[in-house]
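Pasted below: my_file11.cif, mmCIF, N, CA and C atoms.
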```cif
data_final
#
loop_
_atom_site.label_atom_id
_atom_site.label_comp_id
_atom_site.auth_asym_id
_atom_site.auth_seq_id
_atom_site.Cartn_x
_atom_site.Cartn_y
_atom_site.Cartn_z
N MET A 1 0.84 -1.19 0.00
CA MET A 1 0.00 0.00 0.00
C MET A 1 0.88 1.24 0.00
N ASN A 2 0.39 2.28 -0.65
CA ASN A 2 1.14 3.53 -0.62
C ASN A 2 0.62 4.43 0.51
N LYS A 3 1.34 5.46 0.79
CA LYS A 3 1.00 6.33 1.93
C LYS A 3 -0.37 6.98 1.78
N GLU A 4 -0.73 7.39 0.57
CA GLU A 4 -2.04 8.03 0.37
C GLU A 4 -3.17 7.02 0.60
N CYS A 5 -2.95 5.80 0.14
CA CYS A 5 -3.93 4.73 0.34
C CYS A 5 -4.05 4.41 1.83
N ASP A 6 -2.90 4.37 2.54
CA ASP A 6 -2.91 4.15 3.98
C ASP A 6 -3.72 5.23 4.68
N LYS A 7 -3.48 6.48 4.27
CA LYS A 7 -4.17 7.61 4.89
C LYS A 7 -5.68 7.49 4.69
N GLU A 8 -6.10 7.17 3.49
CA GLU A 8 -7.53 7.01 3.21
C GLU A 8 -8.12 5.88 4.05
N PHE A 9 -7.40 4.78 4.16
CA PHE A 9 -7.86 3.62 4.93
C PHE A 9 -8.09 4.00 6.39
N TYR A 10 -7.09 4.63 7.02
CA TYR A 10 -7.20 4.97 8.44
C TYR A 10 -8.18 6.11 8.69
N GLU A 11 -8.30 7.01 7.74
CA GLU A 11 -9.31 8.07 7.88
C GLU A 11 -10.71 7.48 7.84
N GLU A 12 -10.91 6.52 6.95
CA GLU A 12 -12.23 5.88 6.87
C GLU A 12 -12.53 5.11 8.15
N LEU A 13 -11.53 4.42 8.69
CA LEU A 13 -11.73 3.69 9.95
C LEU A 13 -12.05 4.63 11.11
N SER A 14 -11.34 5.76 11.16
CA SER A 14 -11.53 6.67 12.28
C SER A 14 -12.71 7.61 12.10
N GLY A 15 -13.15 7.77 10.85
CA GLY A 15 -14.27 8.67 10.59
C GLY A 15 -13.90 10.14 10.63
N LYS A 16 -12.61 10.44 10.56
CA LYS A 16 -12.17 11.83 10.57
C LYS A 16 -10.89 11.98 9.78
N GLU A 17 -10.58 13.22 9.42
CA GLU A 17 -9.35 13.50 8.68
C GLU A 17 -8.16 13.39 9.64
N LEU A 18 -7.08 12.77 9.16
CA LEU A 18 -5.90 12.56 9.99
C LEU A 18 -4.68 13.27 9.41
N THR A 19 -3.83 13.73 10.30
CA THR A 19 -2.53 14.27 9.88
C THR A 19 -1.62 13.08 9.57
N ASN A 20 -0.46 13.37 9.00
CA ASN A 20 0.50 12.29 8.76
C ASN A 20 0.90 11.61 10.07
N GLN A 21 1.04 12.38 11.13
CA GLN A 21 1.35 11.82 12.45
C GLN A 21 0.21 10.94 12.93
N GLY A 22 -1.02 11.38 12.70
CA GLY A 22 -2.18 10.58 13.08
C GLY A 22 -2.24 9.26 12.34
N VAL A 23 -1.90 9.28 11.06
CA VAL A 23 -1.87 8.06 10.26
C VAL A 23 -0.78 7.13 10.79
N PHE A 24 0.38 7.68 11.10
CA PHE A 24 1.48 6.89 11.65
C PHE A 24 1.06 6.21 12.95
N GLU A 25 0.42 6.97 13.84
CA GLU A 25 -0.02 6.41 15.12
C GLU A 25 -1.11 5.36 14.93
N ALA A 26 -2.05 5.63 14.03
CA ALA A 26 -3.12 4.66 13.77
C ALA A 26 -2.54 3.36 13.23
N GLU A 27 -1.59 3.48 12.32
CA GLU A 27 -0.97 2.30 11.73
C GLU A 27 -0.24 1.48 12.80
N ASN A 28 0.50 2.15 13.66
CA ASN A 28 1.21 1.44 14.72
C ASN A 28 0.26 0.83 15.74
N ASN A 29 -0.84 1.51 16.04
CA ASN A 29 -1.84 0.95 16.95
C ASN A 29 -2.49 -0.28 16.33
N PHE A 30 -2.78 -0.22 15.05
CA PHE A 30 -3.40 -1.33 14.33
C PHE A 30 -2.48 -2.55 14.34
N ILE A 31 -1.21 -2.33 14.04
CA ILE A 31 -0.23 -3.41 14.04
C ILE A 31 -0.07 -3.97 15.45
N GLY A 32 0.01 -3.10 16.43
CA GLY A 32 0.15 -3.52 17.82
C GLY A 32 -1.04 -4.33 18.30
N PHE A 33 -2.23 -3.95 17.86
CA PHE A 33 -3.45 -4.66 18.23
C PHE A 33 -3.40 -6.10 17.71
N PHE A 34 -3.04 -6.28 16.46
CA PHE A 34 -2.99 -7.62 15.90
C PHE A 34 -1.83 -8.43 16.46
N ASP A 35 -0.74 -7.77 16.81
CA ASP A 35 0.36 -8.46 17.48
C ASP A 35 -0.10 -8.98 18.83
N LEU A 36 -0.86 -8.17 19.57
CA LEU A 36 -1.40 -8.58 20.85
C LEU A 36 -2.37 -9.75 20.69
N LEU A 37 -3.24 -9.69 19.68
CA LEU A 37 -4.17 -10.80 19.43
C LEU A 37 -3.40 -12.09 19.14
N LEU A 38 -2.35 -12.01 18.36
CA LEU A 38 -1.54 -13.18 18.04
C LEU A 38 -0.92 -13.77 19.31
N LYS A 39 -0.37 -12.92 20.16
CA LYS A 39 0.24 -13.39 21.41
C LYS A 39 -0.79 -14.05 22.32
N ILE A 40 -1.97 -13.48 22.41
CA ILE A 40 -3.04 -14.06 23.23
C ILE A 40 -3.43 -15.43 22.67
N ASP A 41 -3.57 -15.52 21.36
CA ASP A 41 -3.93 -16.79 20.72
C ASP A 41 -2.87 -17.85 20.98
N GLN A 42 -1.61 -17.48 20.85
CA GLN A 42 -0.53 -18.43 21.09
C GLN A 42 -0.52 -18.88 22.55
N ARG A 43 -0.76 -17.97 23.46
CA ARG A 43 -0.80 -18.32 24.89
C ARG A 43 -1.97 -19.25 25.17
N ASN A 44 -3.13 -18.95 24.57
CA ASN A 44 -4.30 -19.80 24.78
C ASN A 44 -4.08 -21.20 24.22
N LYS A 45 -3.45 -21.31 23.07
CA LYS A 45 -3.16 -22.63 22.49
C LYS A 45 -2.21 -23.41 23.39
N LYS A 46 -1.23 -22.71 23.95
CA LYS A 46 -0.28 -23.35 24.85
C LYS A 46 -1.00 -23.83 26.11
N ASP A 47 -1.92 -23.03 26.65
CA ASP A 47 -2.69 -23.40 27.83
C ASP A 47 -3.55 -24.64 27.55
N VAL A 48 -4.15 -24.71 26.39
CA VAL A 48 -4.99 -25.85 26.03
C VAL A 48 -4.14 -27.10 25.92
N GLU A 49 -2.98 -26.98 25.28
CA GLU A 49 -2.07 -28.13 25.16
C GLU A 49 -1.64 -28.62 26.53
N THR A 50 -1.35 -27.71 27.44
CA THR A 50 -0.91 -28.06 28.78
C THR A 50 -2.03 -28.79 29.53
N LYS A 51 -3.26 -28.34 29.40
CA LYS A 51 -4.40 -28.96 30.07
C LYS A 51 -4.72 -30.32 29.50
N ASN A 52 -4.43 -30.53 28.23
CA ASN A 52 -4.72 -31.81 27.57
C ASN A 52 -3.67 -32.86 27.86
N ASN A 53 -2.56 -32.49 28.44
CA ASN A 53 -1.49 -33.47 28.72
C ASN A 53 -1.55 -33.97 30.11
#
```
Structure rendered as structure tokens:
Amino acid sequence: MNKECDKEFYEELSGKELTNQGVFEAENNFIGFFDLLLKIDQRNKKDVETKNN
């Protein structure tokens, strides 16, 4: 994706116009959110494996 496309994407998600700094922060928050979801999923899978043994 290019920067203009990124800006449009995050502006549509937020429902407001964003500065370049706002787009940068939104992008990092979005990535961080999915990183957190991945870590939670991995932890939950590990917990299930531990309980099944």
According to DSSP computed on the backbone, where in chain A is there alpha helix (DSSP H)? Give the residues as JSON, numbers by chain.
{"A": [3, 4, 5, 6, 7, 8, 9, 10, 11, 12, 13, 14, 20, 21, 22, 23, 24, 25, 26, 27, 28, 29, 30, 31, 32, 33, 34, 35, 36, 37, 38, 39, 40, 41, 42, 43, 44, 45, 46, 47, 48, 49, 50, 51, 52]}
Expressed in Å to a single decimal, how great is the separation between atom CA of Asn28 of chain A and atom CA of Ser14 of chain A?
14.0 Å
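Run against this file, the PyMOL selection byres (((chain A and resi 19-26 and name CA) around 10) and name CA) gives back Lys3, Glu4, Asp6, Lys7, Glu8, Phe9, Tyr10, Glu11, Leu13, Ser14, Lys16, Glu17, Leu18, Glu27, Asn28, Asn29, Phe30, Ile31 and Gly32 of chain A.
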Could you tell me how far atom N of Thr50 of chain A lies from atom CA of Leu38 of chain A, in Å and to one decimal?
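Atom N of Thr50 of chain A sits 17.3 Å away from atom CA of Leu38 of chain A.
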Box centre and edge lengths (Å, one decimal), axis-aligned, segment 20-32 of chain A plus 8 Å each side, as JSON:
```
{"center_x": -1.0, "center_y": 4.5, "center_z": 13.5, "size_x": 20.9, "size_y": 33.7, "size_z": 25.5}
```
Just give me the gap between atom CA of Asn53 of chain A and atom CA of Leu36 of chain A in Å, one decimal is fine.
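Spanning atom CA of Asn53 of chain A to atom CA of Leu36 of chain A is a straight-line distance of 26.1 Å.
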